[in-house]
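*Asks:* Starting off with a structure, shown below.
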Number of protein chains: 2
Amino acid sequence: MNYIQYMPTKVITGNECVVNNSNLFKSLGKKALIVTGTHSAKANGSEQDVKSALDAQEIEYVVFDKVMSNPTISCVYEGASVAKANGADFVIAIGGGSPMDAGKAIALLAAQDIDEESLFSGQYENKVLPMAFIPTTAGTGSEVTQYSILTNDRAQTKTSIATEILFPTVAFLDPKYMEKLGVTTTINTAIDALSHAVEGMLSVKASTITNALASESIRMIMSCVPKMKKALEFSLSAQFDLQDREQLLQASFMAGVVIAQTGTTAVHAMGYSLTYFKDIDHGRANGILLGEYLKLVEKEQPELSKRIIGAMSLSSVDELIRITNELFGEKEKITAEEFDKYSKMAIQTRNIVNCVVKPTEENIKEMFTKSFL
Amino acid sequence: MNYIQYMPTKVITGNECVVNNSNLFKSLGKKALIVTGTHSAKANGSEQDVKSALDAQEIEYVVFDKVMSNPTISCVYEGASVAKANGADFVIAIGGGSPMDAGKAIALLAAQDIDEESLFSGQYENKVLPMAFIPTTAGTGSEVTQYSILTNDRAQTKTSIATEILFPTVAFLDPKYMEKLGVTTTINTAIDALSHAVEGMLSVKASTITNALASESIRMIMSCVPKMKKALEFSLSAQFDLQDREQLLQASFMAGVVIAQTGTTAVHAMGYSLTYFKDIDHGRANGILLGEYLKLVEKEQPELSKRIIGAMSLSSVDELIRITNELFGEKEKITAEEFDKYSKMAIQTRNIVNCVVKPTEENIKEMFTKSFL
């Protein structure tokens, strides 16, 4: 078994961990650029906690709160110039996947000059601003990965900057920021994490250690499914107590550690088009596609799909599909021509090379079609 | 759940990983101090692989091969002066726990002046030589921990230097170096790793992630027990094929990641005296004590012991005790007075504070006595 295991981020977990560990910011730099979205970090208290921690340590900061969902290349260049203009020497990203993915690119672009043409080249100097990351959703795992996934209009998809220097220096995991997260976001992000864990087990880079983490992550997320269904039924996110939030956050963190090693597979390859062209939420896209990819795996590597379905405590892939159908409700309408186009794009991605069970373009089209029936 | 997860070592695994990744040594420095014991690294080919890798990269090196079992303080000071005298700017440790533990202390002492009185103080500057570690037994997990455990004659026990700067920069895990490891060493080291994984689950610092890794590590080691018994019966280490060796190495690595977070507990606290005063091998000492500590856990936290016994696929702690009795054969003779003394020492260790089920001095004495019946 040949593999590399590397995840150098220091992860601090627990209630009030940002404020209680404010001294850690001191080791990162003298002036912070806080990278976040326009709204949620203010609403859930995370931005205020960060400011309190920085104030306690007498660290200056400037806020860049213009990160949109599925951040664009121009957004991260703008963030980097704000960092440079203000002399920020470290980055604090607060939010879901979007601010964190943007935060990494900003930390990179503030430390070295990279033109847009070379942004996804993989060729970077060994220079990046130190980063502290605070996830406020439980799904992306971006706080413990080396990926910055950006909307790439040139390639009409989402593209990763992937380099070891993008692992955040420190991540703070406090479930309290998720307490008021809406039902849809909770489900979409949880199923994104589920997809990470499952795809980790379906990757050619899966290892003993990633499989152990992935199985436990899958088990933890699936044990929250009954509450997800109930929350949907009553449209009430209060179904999730702090313990559920913590469980989903831990599971998402572990799934993040997994994909930092394994990368993702066909599900993400296919999902990116749904997000880029149809604005379907990333987690939702993965969740809708996951079952059909597992059907293909079941056909070609039954033992592998059996292990995954076993970790879910389900009896069959069909049972998973019934669950995701229930969680995601009515599907978007997408034409055969659109699926054709997305399939042609997906088959060319690195994610497909990364699959133990490599789908053909025909398989991909079939999976798209069946997923949206 | 409040905890910190941190393990920044890059772990490269697989057949021929040292030679195939020789470029990684280049990033560590210009001149290596190779820290090892007198014999085994030469016999199992690991030292030659390291030299070939360094030659390929035109990196100079000097060899310090004087590390004994349970390395002493004077040994690591001697190693550090060899490093300094030769201008070595990184350390490569090859061997079992002893050369690796010594290698960390040498990397520390070569980079900063620390007198013997302050060696275990925990107060160090942020300076250490980069380290590449190559385990040649599957037990200690030292390649992925921040601990350097040395024989401390002043305290009449083994004492840890524990600091985050002691995590090796890179670890190379190649099971081929264990192919000819003798039966006794194979069993002692495997059960040392088992003890790490179990104690990780019994630590107050256990977390979701460490429990996931510990459970899998336990499962993997226990699945090799039938081969261990067979190897004992025929005194033939050839019972273990390369796949078994890999499994034990992966399990030991995962258990190392666990104790890097959780520390060890009562078993290690007690075992150190057996090694210091009676020269009982570290893994053997832990293995002999493990069952009786689990009996105490069973009494006070039955759910916890049940999870561990479940991960072992056993039905009871007694079944584990029967297995360790079989693996370790006739026990050493130790007097009641000696156990008295060891119990008084064990109860004062930090490892006891670290226990979910904290034994009293009386418990410890009883566990010692029963373990050696």
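Order determines the names: the first chain of the structure tokens is A, the second B, and so forth; residues in each chain are numbered 1 upward, and ligands are numbered 1 upward as they are shown.
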Enumerate as a count of residues only the residues belonging to chain B that approach chain A to within 10 Å, with only C-alpha atoms taken into account.
*Replies:* 42
*Asks:* List the spatial neighbours of B:Lys84 as a PyMOL selection string - criterion: any atom at most 8 Å away, only C-alpha atoms, same-chain residues fewer than 4 positions off excluded.
*Replies:* chain B and resi 80+88+110
*Asks:* Where in stretch 110-248 of chain A does DSSP assign strand (DSSP E), given as a ChimeraX atom specification?
*Replies:* /A:131-135,147-152,157-162,170-173
*Asks:* Run DSSP on the backbone and give me the residues of stretch 61-259 of chain A it puts in alpha helix (DSSP H), as a ChimeraX atom specification.
*Replies:* /A:73-85,97-109,183-201,208-222,225-234,242-259
*Asks:* Of the candidates A:Arg307, A:Asn188, A:Cys224, A:Leu194, which one gets nearest to A:Gly329 if we count only C-alpha atoms?
*Replies:*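 Of A:Arg307, A:Asn188, A:Cys224, A:Leu194, the one nearest A:Gly329 is A:Asn188, counting only C-alpha atoms.
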*Asks:* Determine, counting only C-alpha atoms, which protein, DNA and RNA residues have an atom within 7 Å of an atom of stretch 123-140 of chain A; residues of the same chain fewer than 3 positions away are not included. Present the result as a VMD selection string.
*Replies:* chain A and resid 28 89 to 97 100 107 to 108 111 to 112 143 165 168 to 173 177 to 178 189 to 190 192 to 193 248 to 249 252 256
